[in-house]
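Enquirer: What follows is the file structure.pdb, containing PDB, C-alpha atoms:
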ATOM      1  CA  MET A   1     -21.106 -35.426 -14.033  1.00  0.00           C
ATOM      2  CA  ALA A   2     -17.790 -35.221 -15.890  1.00  0.00           C
ATOM      3  CA  ARG A   3     -15.189 -32.922 -14.458  1.00  0.00           C
ATOM      4  CA  SER A   4     -12.947 -31.285 -17.001  1.00  0.00           C
ATOM      5  CA  LYS A   5     -10.828 -28.810 -15.043  1.00  0.00           C
ATOM      6  CA  ALA A   6      -7.262 -29.581 -14.091  1.00  0.00           C
ATOM      7  CA  ILE A   7      -5.241 -28.369 -11.139  1.00  0.00           C
ATOM      8  CA  TYR A   8      -1.694 -27.421 -11.986  1.00  0.00           C
ATOM      9  CA  ASP A   9      -0.311 -26.914  -8.502  1.00  0.00           C
ATOM     10  CA  LYS A  10      -1.242 -26.565  -4.848  1.00  0.00           C
ATOM     11  CA  SER A  11      -1.490 -22.765  -5.034  1.00  0.00           C
ATOM     12  CA  VAL A  12      -4.687 -23.063  -7.102  1.00  0.00           C
ATOM     13  CA  ILE A  13      -6.284 -25.007  -4.252  1.00  0.00           C
ATOM     14  CA  ILE A  14      -5.056 -22.556  -1.617  1.00  0.00           C
ATOM     15  CA  ASP A  15      -6.262 -19.526  -3.592  1.00  0.00           C
ATOM     16  CA  LYS A  16      -9.728 -21.036  -4.011  1.00  0.00           C
ATOM     17  CA  ALA A  17      -9.884 -22.077  -0.339  1.00  0.00           C
ATOM     18  CA  PHE A  18      -8.836 -18.539   0.637  1.00  0.00           C
ATOM     19  CA  GLU A  19     -11.743 -17.170  -1.422  1.00  0.00           C
ATOM     20  CA  ILE A  20     -14.162 -19.611   0.218  1.00  0.00           C
ATOM     21  CA  VAL A  21     -13.111 -18.654   3.762  1.00  0.00           C
ATOM     22  CA  GLN A  22     -13.242 -14.986   2.874  1.00  0.00           C
ATOM     23  CA  GLY A  23     -16.625 -15.166   1.165  1.00  0.00           C
ATOM     24  CA  GLN A  24     -18.453 -17.831   3.153  1.00  0.00           C
ATOM     25  CA  GLY A  25     -16.577 -18.240   6.447  1.00  0.00           C
ATOM     26  CA  VAL A  26     -14.310 -20.870   7.938  1.00  0.00           C
ATOM     27  CA  GLU A  27     -17.190 -23.283   8.479  1.00  0.00           C
ATOM     28  CA  SER A  28     -17.536 -23.568   4.677  1.00  0.00           C
ATOM     29  CA  LEU A  29     -13.961 -24.740   4.244  1.00  0.00           C
ATOM     30  CA  THR A  30     -14.357 -28.413   3.358  1.00  0.00           C
ATOM     31  CA  ALA A  31     -12.648 -30.570   0.767  1.00  0.00           C
ATOM     32  CA  ARG A  32     -16.007 -31.011  -0.946  1.00  0.00           C
ATOM     33  CA  ASN A  33     -16.606 -27.243  -1.225  1.00  0.00           C
ATOM     34  CA  VAL A  34     -13.083 -26.506  -2.461  1.00  0.00           C
ATOM     35  CA  ALA A  35     -13.289 -29.326  -5.019  1.00  0.00           C
ATOM     36  CA  LYS A  36     -16.715 -28.157  -6.183  1.00  0.00           C
ATOM     37  CA  ALA A  37     -15.465 -24.578  -6.617  1.00  0.00           C
ATOM     38  CA  LEU A  38     -12.528 -25.886  -8.661  1.00  0.00           C
ATOM     39  CA  GLY A  39     -14.674 -28.265 -10.710  1.00  0.00           C
ATOM     40  CA  VAL A  40     -12.776 -31.395  -9.614  1.00  0.00           C
ATOM     41  CA  SER A  41     -13.492 -34.356  -7.360  1.00  0.00           C
ATOM     42  CA  PRO A  42     -12.560 -34.108  -3.677  1.00  0.00           C
ATOM     43  CA  MET A  43     -10.076 -36.957  -4.150  1.00  0.00           C
ATOM     44  CA  THR A  44      -8.182 -34.880  -6.727  1.00  0.00           C
ATOM     45  CA  LEU A  45      -7.298 -32.382  -3.993  1.00  0.00           C
ATOM     46  CA  TYR A  46      -5.415 -35.065  -2.106  1.00  0.00           C
ATOM     47  CA  ASN A  47      -2.966 -35.418  -4.954  1.00  0.00           C
ATOM     48  CA  TYR A  48      -1.726 -31.946  -3.895  1.00  0.00           C
ATOM     49  CA  VAL A  49      -2.471 -31.628  -0.171  1.00  0.00           C
ATOM     50  CA  LYS A  50      -2.466 -34.152   2.681  1.00  0.00           C
ATOM     51  CA  ASN A  51      -5.677 -33.001   4.322  1.00  0.00           C
ATOM     52  CA  ILE A  52      -7.881 -30.019   5.119  1.00  0.00           C
ATOM     53  CA  ARG A  53      -5.496 -28.968   7.932  1.00  0.00           C
ATOM     54  CA  GLU A  54      -2.766 -28.391   5.362  1.00  0.00           C
ATOM     55  CA  ILE A  55      -5.134 -26.141   3.411  1.00  0.00           C
ATOM     56  CA  GLU A  56      -5.997 -24.224   6.603  1.00  0.00           C
ATOM     57  CA  LYS A  57      -2.300 -23.815   7.387  1.00  0.00           C
ATOM     58  CA  GLU A  58      -1.545 -22.495   3.907  1.00  0.00           C
ATOM     59  CA  ILE A  59      -4.449 -20.026   4.100  1.00  0.00           C
ATOM     60  CA  ILE A  60      -3.068 -18.658   7.384  1.00  0.00           C
ATOM     61  CA  ILE A  61       0.434 -18.365   5.926  1.00  0.00           C
ATOM     62  CA  LYS A  62      -0.972 -16.562   2.888  1.00  0.00           C
ATOM     63  CA  GLY A  63      -2.920 -14.189   5.161  1.00  0.00           C
ATOM     64  CA  PHE A  64       0.144 -13.331   7.234  1.00  0.00           C
ATOM     65  CA  ASN A  65       2.230 -12.869   4.089  1.00  0.00           C
ATOM     66  CA  ILE A  66      -0.296 -10.331   2.788  1.00  0.00           C
ATOM     67  CA  LEU A  67      -0.436  -8.507   6.142  1.00  0.00           C
ATOM     68  CA  TYR A  68       3.327  -8.389   6.717  1.00  0.00           C
ATOM     69  CA  ARG A  69       4.106  -7.429   3.132  1.00  0.00           C
ATOM     70  CA  ASN A  70       1.833  -4.410   3.552  1.00  0.00           C
ATOM     71  CA  VAL A  71       3.443  -3.551   6.908  1.00  0.00           C
ATOM     72  CA  PHE A  72       6.942  -3.806   5.411  1.00  0.00           C
ATOM     73  CA  GLU A  73       5.990  -1.588   2.452  1.00  0.00           C
ATOM     74  CA  ASP A  74       4.592   1.014   4.872  1.00  0.00           C
ATOM     75  CA  LEU A  75       7.708   0.885   7.050  1.00  0.00           C
ATOM     76  CA  VAL A  76       9.926   1.429   4.008  1.00  0.00           C
ATOM     77  CA  ALA A  77       7.721   4.298   2.828  1.00  0.00           C
ATOM     78  CA  ASN A  78       7.908   5.925   6.284  1.00  0.00           C
ATOM     79  CA  LYS A  79      11.645   5.640   6.960  1.00  0.00           C
ATOM     80  CA  GLU A  80      12.059   9.332   7.736  1.00  0.00           C
ATOM     81  CA  LYS A  81       9.140   9.359  10.145  1.00  0.00           C
ATOM     82  CA  MET A  82      10.572   6.314  11.911  1.00  0.00           C
ATOM     83  CA  LYS A  83      13.852   8.118  12.559  1.00  0.00           C
ATOM     84  CA  LYS A  84      11.944  10.677  14.639  1.00  0.00           C
ATOM     85  CA  SER A  85       9.482   8.396  16.457  1.00  0.00           C
ATOM     86  CA  GLY A  86      10.304   4.765  15.677  1.00  0.00           C
ATOM     87  CA  ILE A  87       8.222   2.820  18.191  1.00  0.00           C
ATOM     88  CA  GLU A  88       5.184   5.059  17.858  1.00  0.00           C
ATOM     89  CA  THR A  89       5.367   4.942  14.047  1.00  0.00           C
ATOM     90  CA  ILE A  90       5.763   1.158  13.968  1.00  0.00           C
ATOM     91  CA  CYS A  91       2.784   0.734  16.316  1.00  0.00           C
ATOM     92  CA  LEU A  92       0.587   3.098  14.325  1.00  0.00           C
ATOM     93  CA  LEU A  93       1.505   1.469  10.993  1.00  0.00           C
ATOM     94  CA  MET A  94       0.980  -2.031  12.366  1.00  0.00           C
ATOM     95  CA  ALA A  95      -2.389  -1.058  13.841  1.00  0.00           C
ATOM     96  CA  GLU A  96      -3.477   0.566  10.591  1.00  0.00           C
ATOM     97  CA  ASN A  97      -2.444  -2.481   8.572  1.00  0.00           C
ATOM     98  CA  MET A  98      -4.156  -4.889  10.966  1.00  0.00           C
ATOM     99  CA  ILE A  99      -7.382  -2.870  10.753  1.00  0.00           C
ATOM    100  CA  ASP A 100      -7.168  -2.641   6.943  1.00  0.00           C
ATOM    101  CA  PHE A 101      -6.495  -6.370   6.702  1.00  0.00           C
ATOM    102  CA  ALA A 102      -9.405  -7.231   9.015  1.00  0.00           C
ATOM    103  CA  GLU A 103     -11.729  -5.016   6.961  1.00  0.00           C
ATOM    104  CA  LYS A 104     -10.676  -6.510   3.633  1.00  0.00           C
ATOM    105  CA  TYR A 105     -10.227 -10.135   4.765  1.00  0.00           C
ATOM    106  CA  GLU A 106     -12.490 -10.492   7.791  1.00  0.00           C
ATOM    107  CA  GLY A 107     -12.883 -14.276   7.505  1.00  0.00           C
ATOM    108  CA  ILE A 108      -9.141 -14.788   7.094  1.00  0.00           C
ATOM    109  CA  TYR A 109      -8.388 -12.413   9.990  1.00  0.00           C
ATOM    110  CA  LEU A 110     -10.724 -14.387  12.268  1.00  0.00           C
ATOM    111  CA  MET A 111      -9.174 -17.651  11.135  1.00  0.00           C
ATOM    112  CA  MET A 112      -5.627 -16.385  11.734  1.00  0.00           C
ATOM    113  CA  ASN A 113      -6.346 -14.959  15.175  1.00  0.00           C
ATOM    114  CA  TYR A 114      -9.095 -17.057  16.711  1.00  0.00           C
ATOM    115  CA  LEU A 115     -10.241 -20.037  14.677  1.00  0.00           C
ATOM    116  CA  ALA A 116      -6.974 -21.748  13.801  1.00  0.00           C
ATOM    117  CA  PRO A 117      -6.507 -24.983  15.737  1.00  0.00           C
ATOM    118  CA  ALA A 118      -3.590 -25.077  18.196  1.00  0.00           C
ATOM    119  CA  GLU A 119      -1.782 -27.648  16.054  1.00  0.00           C
ATOM    120  CA  ILE A 120      -1.643 -25.144  13.189  1.00  0.00           C
ATOM    121  CA  ARG A 121      -0.630 -22.219  15.397  1.00  0.00           C
ATOM    122  CA  LYS A 122       2.231 -24.315  16.793  1.00  0.00           C
ATOM    123  CA  ASP A 123       3.342 -25.581  13.379  1.00  0.00           C
ATOM    124  CA  PRO A 124       6.991 -24.582  12.748  1.00  0.00           C
ATOM    125  CA  GLU A 125       6.014 -22.889   9.468  1.00  0.00           C
ATOM    126  CA  VAL A 126       3.174 -20.878  11.038  1.00  0.00           C
ATOM    127  CA  GLN A 127       4.393 -20.106  14.564  1.00  0.00           C
ATOM    128  CA  PRO A 128       6.922 -17.412  13.514  1.00  0.00           C
ATOM    129  CA  PHE A 129       4.078 -15.278  12.124  1.00  0.00           C
ATOM    130  CA  TYR A 130       2.497 -14.836  15.550  1.00  0.00           C
ATOM    131  CA  ASN A 131       3.615 -12.327  18.207  1.00  0.00           C
ATOM    132  CA  PHE A 132       4.901  -9.609  15.864  1.00  0.00           C
ATOM    133  CA  PHE A 133       5.323  -7.090  18.683  1.00  0.00           C
ATOM    134  CA  LYS A 134       7.043  -9.539  21.026  1.00  0.00           C
ATOM    135  CA  LYS A 135       9.578 -10.332  18.325  1.00  0.00           C
ATOM    136  CA  LEU A 136      10.049  -6.646  17.652  1.00  0.00           C
ATOM    137  CA  THR A 137      11.214  -6.236  21.261  1.00  0.00           C
ATOM    138  CA  TYR A 138      14.205  -8.469  20.565  1.00  0.00           C
ATOM    139  CA  ARG A 139      15.382  -6.126  17.813  1.00  0.00           C
ATOM    140  CA  ILE A 140      15.290  -2.978  19.952  1.00  0.00           C
ATOM    141  CA  LYS A 141      18.431  -2.182  21.902  1.00  0.00           C
ATOM    142  CA  MET A 142      17.427  -1.687  25.522  1.00  0.00           C
ATOM    143  CA  ASP A 143      18.480  -3.106  28.864  1.00  0.00           C
ATOM    144  CA  GLY A 144      16.761  -5.173  31.551  1.00  0.00           C
ATOM    145  CA  GLU A 145      13.806  -3.391  33.127  1.00  0.00           C
ATOM    146  CA  GLU A 146      13.316  -0.982  30.226  1.00  0.00           C
ATOM    147  CA  LYS A 147      13.126  -3.876  27.761  1.00  0.00           C
ATOM    148  CA  LYS A 148      10.768  -5.799  30.048  1.00  0.00           C
ATOM    149  CA  ARG A 149       8.464  -2.767  30.259  1.00  0.00           C
ATOM    150  CA  LEU A 150       8.558  -2.345  26.472  1.00  0.00           C
ATOM    151  CA  LYS A 151       7.682  -6.021  25.983  1.00  0.00           C
ATOM    152  CA  GLU A 152       4.696  -5.652  28.327  1.00  0.00           C
ATOM    153  CA  SER A 153       3.615  -2.478  26.525  1.00  0.00           C
ATOM    154  CA  PHE A 154       3.770  -4.222  23.136  1.00  0.00           C
ATOM    155  CA  TYR A 155       1.727  -7.113  24.497  1.00  0.00           C
ATOM    156  CA  LEU A 156      -0.946  -4.762  25.852  1.00  0.00           C
ATOM    157  CA  PHE A 157      -0.954  -2.740  22.641  1.00  0.00           C
ATOM    158  CA  GLU A 158      -1.553  -5.857  20.547  1.00  0.00           C
ATOM    159  CA  LEU A 159      -4.464  -6.838  22.808  1.00  0.00           C
ATOM    160  CA  ILE A 160      -5.923  -3.338  22.458  1.00  0.00           C
ATOM    161  CA  ILE A 161      -5.710  -3.430  18.659  1.00  0.00           C
ATOM    162  CA  LYS A 162      -7.325  -6.867  18.481  1.00  0.00           C
ATOM    163  CA  GLY A 163     -10.038  -5.779  20.908  1.00  0.00           C
ATOM    164  CA  LEU A 164     -10.818  -2.697  18.823  1.00  0.00           C
ATOM    165  CA  ILE A 165     -10.908  -4.775  15.627  1.00  0.00           C
ATOM    166  CA  ASP A 166     -13.192  -7.312  17.304  1.00  0.00           C
ATOM    167  CA  ASP A 167     -15.540  -4.507  18.417  1.00  0.00           C
ATOM    168  CA  ARG A 168     -15.613  -3.124  14.880  1.00  0.00           C
ATOM    169  CA  ILE A 169     -16.333  -6.562  13.389  1.00  0.00           C
ATOM    170  CA  SER A 170     -19.022  -7.425  15.938  1.00  0.00           C
ATOM    171  CA  SER A 171     -20.704  -4.034  15.438  1.00  0.00           C
ATOM    172  CA  GLY A 172     -20.857  -4.620  11.689  1.00  0.00           C
ATOM    173  CA  GLY A 173     -18.449  -1.768  11.035  1.00  0.00           C
ATOM    174  CA  LYS A 174     -20.472   0.796  12.986  1.00  0.00           C
ATOM    175  CA  ILE A 175     -17.413   1.959  14.908  1.00  0.00           C
ATOM    176  CA  GLU A 176     -15.811   4.624  12.730  1.00  0.00           C
ATOM    177  CA  ARG A 177     -12.137   4.479  11.769  1.00  0.00           C
ATOM    178  CA  ASP A 178     -11.582   7.898  13.346  1.00  0.00           C
ATOM    179  CA  GLU A 179     -12.811   6.550  16.668  1.00  0.00           C
ATOM    180  CA  LEU A 180     -10.585   3.480  16.367  1.00  0.00           C
ATOM    181  CA  PHE A 181      -7.531   5.599  15.658  1.00  0.00           C
ATOM    182  CA  ALA A 182      -8.304   7.985  18.502  1.00  0.00           C
ATOM    183  CA  HIS A 183      -8.178   4.961  20.851  1.00  0.00           C
ATOM    184  CA  ILE A 184      -5.030   3.651  19.182  1.00  0.00           C
ATOM    185  CA  GLU A 185      -3.236   6.987  19.446  1.00  0.00           C
ATOM    186  CA  ALA A 186      -4.255   7.261  23.120  1.00  0.00           C
ATOM    187  CA  ALA A 187      -2.918   3.744  23.748  1.00  0.00           C
ATOM    188  CA  ILE A 188       0.364   4.572  22.012  1.00  0.00           C
ATOM    189  CA  GLU A 189       0.745   7.708  24.130  1.00  0.00           C
ATOM    190  CA  LYS A 190      -0.020   5.894  27.388  1.00  0.00           C
ATOM    191  CA  LEU A 191       2.067   2.798  26.642  1.00  0.00           C
ATOM    192  CA  PHE A 192       4.980   4.235  24.678  1.00  0.00           C
ATOM    193  CA  GLY A 193       5.125   7.942  25.565  1.00  0.00           C
ATOM    194  CA  LYS A 194       8.652   8.932  26.562  1.00  0.00           C
ATOM    195  CA  GLU A 195       7.732   9.404  30.211  1.00  0.00           C
ATOM    196  CA  ASN A 196       6.285   5.869  30.354  1.00  0.00           C
ATOM    197  CA  LEU A 197       9.322   4.167  28.853  1.00  0.00           C
ATOM    198  CA  ASN A 198      11.864   6.176  30.791  1.00  0.00           C
ATOM    199  CA  ASP A 199      10.362   6.144  34.319  1.00  0.00           C
TER     200      ASP A 199
END
Could you render the structure from this file as structure tokens?
Expert:
Amino acid sequence: MARSKAIYDKSVIIDKAFEIVQGQGVESLTARNVAKALGVSPMTLYNYVKNIREIEKEIIIKGFNILYRNVFEDLVANKEKMKKSGIETICLLMAENMIDFAEKYEGIYLMMNYLAPAEIRKDPEVQPFYNFFKKLTYRIKMDGEEKKRLKESFYLFELIIKGLIDDRISSGGKIERDELFAHIEAAIEKLFGKENLND
């Protein structure tokens, strides 16, 4: 069978691979499937990428770029609210964006958080995307014990969000958003309420 399509740059491959993971799951991400979807031979892909790991890495980077762009836009849009309750607002916006992302890009979310091989997670281009809340701690001006407590609270909060998202995914979306946000708001109050940070 003659193949007539041309690939103009690597982004075409990454975009198609992203669609495959999103639509069919990570297990469907193979050079053969990406090439077939693009109408080229599998060997053509290797003119643009080294291997399937590079494609996986680029999908994860694209996923984080989408997520963090949305978070940044929300933070900018909520500047006034952040002046009044910065940590709580950041946590709520991050949780909302993580939930929205997981709903829209479930396959990519799973790949980013659970299915990416350790070698990709440790890659110097990918590693900075992980641990958003931990990195946020470094930007907040606090001392010793207070900062340590905040770091622990951020870590627990991230685990809570991921756990709630996992429950929603595994239930097939049967857990309502209102219920999710009731849990998230309770977690924010318990972990970041003024009395908890200033004990």
Enquirer: Take atom CA of A:Ile99 and atom CA of A:Asn131 and report the distance between them in Å, one decimal.
Expert: 16.3 Å
Enquirer: Can you list, as a ChimeraX atom specification, every protein, DNA or RNA residue that comes within 12 Å of stretch 114-127 of chain A when you count only C-alpha atoms, leaving out same-chain residues fewer than 4 positions away?
Expert: /A:21,25-27,52-65,106-110,131-132,135,162,166
Enquirer: So that I can check the surroundings of stretch 41-51 of chain A, please list as an NGL selection string every protein, DNA and RNA residue that reaches within 9 Å of it, counting all atoms listed in the file and ignoring chain neighbours fewer than 2 positions away.
Expert: :A and (3 or 7 or 9-10 or 13 or 31-36 or 38-39 or 53-55)
Enquirer: Save the residues we just selected, C-alpha atoms, as a PDB file, in the coordinates of the input?
Expert:
ATOM      1  CA  ARG A   3     -15.189 -32.922 -14.458  1.00  0.00           C
ATOM      2  CA  ILE A   7      -5.241 -28.369 -11.139  1.00  0.00           C
ATOM      3  CA  ASP A   9      -0.311 -26.914  -8.502  1.00  0.00           C
ATOM      4  CA  LYS A  10      -1.242 -26.565  -4.848  1.00  0.00           C
ATOM      5  CA  ILE A  13      -6.284 -25.007  -4.252  1.00  0.00           C
ATOM      6  CA  ALA A  31     -12.648 -30.570   0.767  1.00  0.00           C
ATOM      7  CA  ARG A  32     -16.007 -31.011  -0.946  1.00  0.00           C
ATOM      8  CA  ASN A  33     -16.606 -27.243  -1.225  1.00  0.00           C
ATOM      9  CA  VAL A  34     -13.083 -26.506  -2.461  1.00  0.00           C
ATOM     10  CA  ALA A  35     -13.289 -29.326  -5.019  1.00  0.00           C
ATOM     11  CA  LYS A  36     -16.715 -28.157  -6.183  1.00  0.00           C
ATOM     12  CA  LEU A  38     -12.528 -25.886  -8.661  1.00  0.00           C
ATOM     13  CA  GLY A  39     -14.674 -28.265 -10.710  1.00  0.00           C
ATOM     14  CA  ARG A  53      -5.496 -28.968   7.932  1.00  0.00           C
ATOM     15  CA  GLU A  54      -2.766 -28.391   5.362  1.00  0.00           C
ATOM     16  CA  ILE A  55      -5.134 -26.141   3.411  1.00  0.00           C
TER      17      ILE A  55
END
Enquirer: To one decimal place, how far is atom CA of A:Gly86 from atom CA of A:Met112 in Å?
Expert: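 Separation between atom CA of A:Gly86 and atom CA of A:Met112: 26.8 Å.
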Enquirer: So how many Å separate atom CA of A:Asp15 and atom CA of A:Ile165, to one decimal?
Expert: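 Separation between atom CA of A:Asp15 and atom CA of A:Ile165: 24.7 Å.
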Enquirer: When the PyMOL selection byres ((chain A and resi 148-156) around 7) is applied to the file above, which residues end up in the set, as an MDAnalysis selection string?
Expert: chainID A and resid 133:134 137 144:147 157:160 191 197
Enquirer: Taking C-alpha atoms for each residue, export the selection above as a CSV table (one decimal), in the coordinates of the input.
Expert:
chain,number,residue,atom,x,y,z
A,133,PHE,CA,5.3,-7.1,18.7
A,134,LYS,CA,7.0,-9.5,21.0
A,137,THR,CA,11.2,-6.2,21.3
A,144,GLY,CA,16.8,-5.2,31.6
A,145,GLU,CA,13.8,-3.4,33.1
A,146,GLU,CA,13.3,-1.0,30.2
A,147,LYS,CA,13.1,-3.9,27.8
A,157,PHE,CA,-1.0,-2.7,22.6
A,158,GLU,CA,-1.6,-5.9,20.5
A,159,LEU,CA,-4.5,-6.8,22.8
A,160,ILE,CA,-5.9,-3.3,22.5
A,191,LEU,CA,2.1,2.8,26.6
A,197,LEU,CA,9.3,4.2,28.9
Enquirer: Centre and edge lengths, as AutoDock Vina command-line options, for the axis-aligned box enclosing every listed atom of stretch 78-84 of chain A with 8 Å of padding on each of the six sides, in Å to one decimal?
Expert:
--center_x 10.9 --center_y 8.2 --center_z 10.5 --size_x 21.9 --size_y 21.0 --size_z 24.4
Enquirer: Which is closer to A:Ile90 than all the others in A:Ile66, A:Ala187, A:Leu180, A:Leu75, using all atoms listed in the file?
Expert: A:Leu75
Enquirer: Tell me which of A:Lys104, A:Met98, A:Glu176, A:Lys81 sits closest to A:Gly23, counting only C-alpha atoms.
Expert: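 Closest candidate: A:Lys104.
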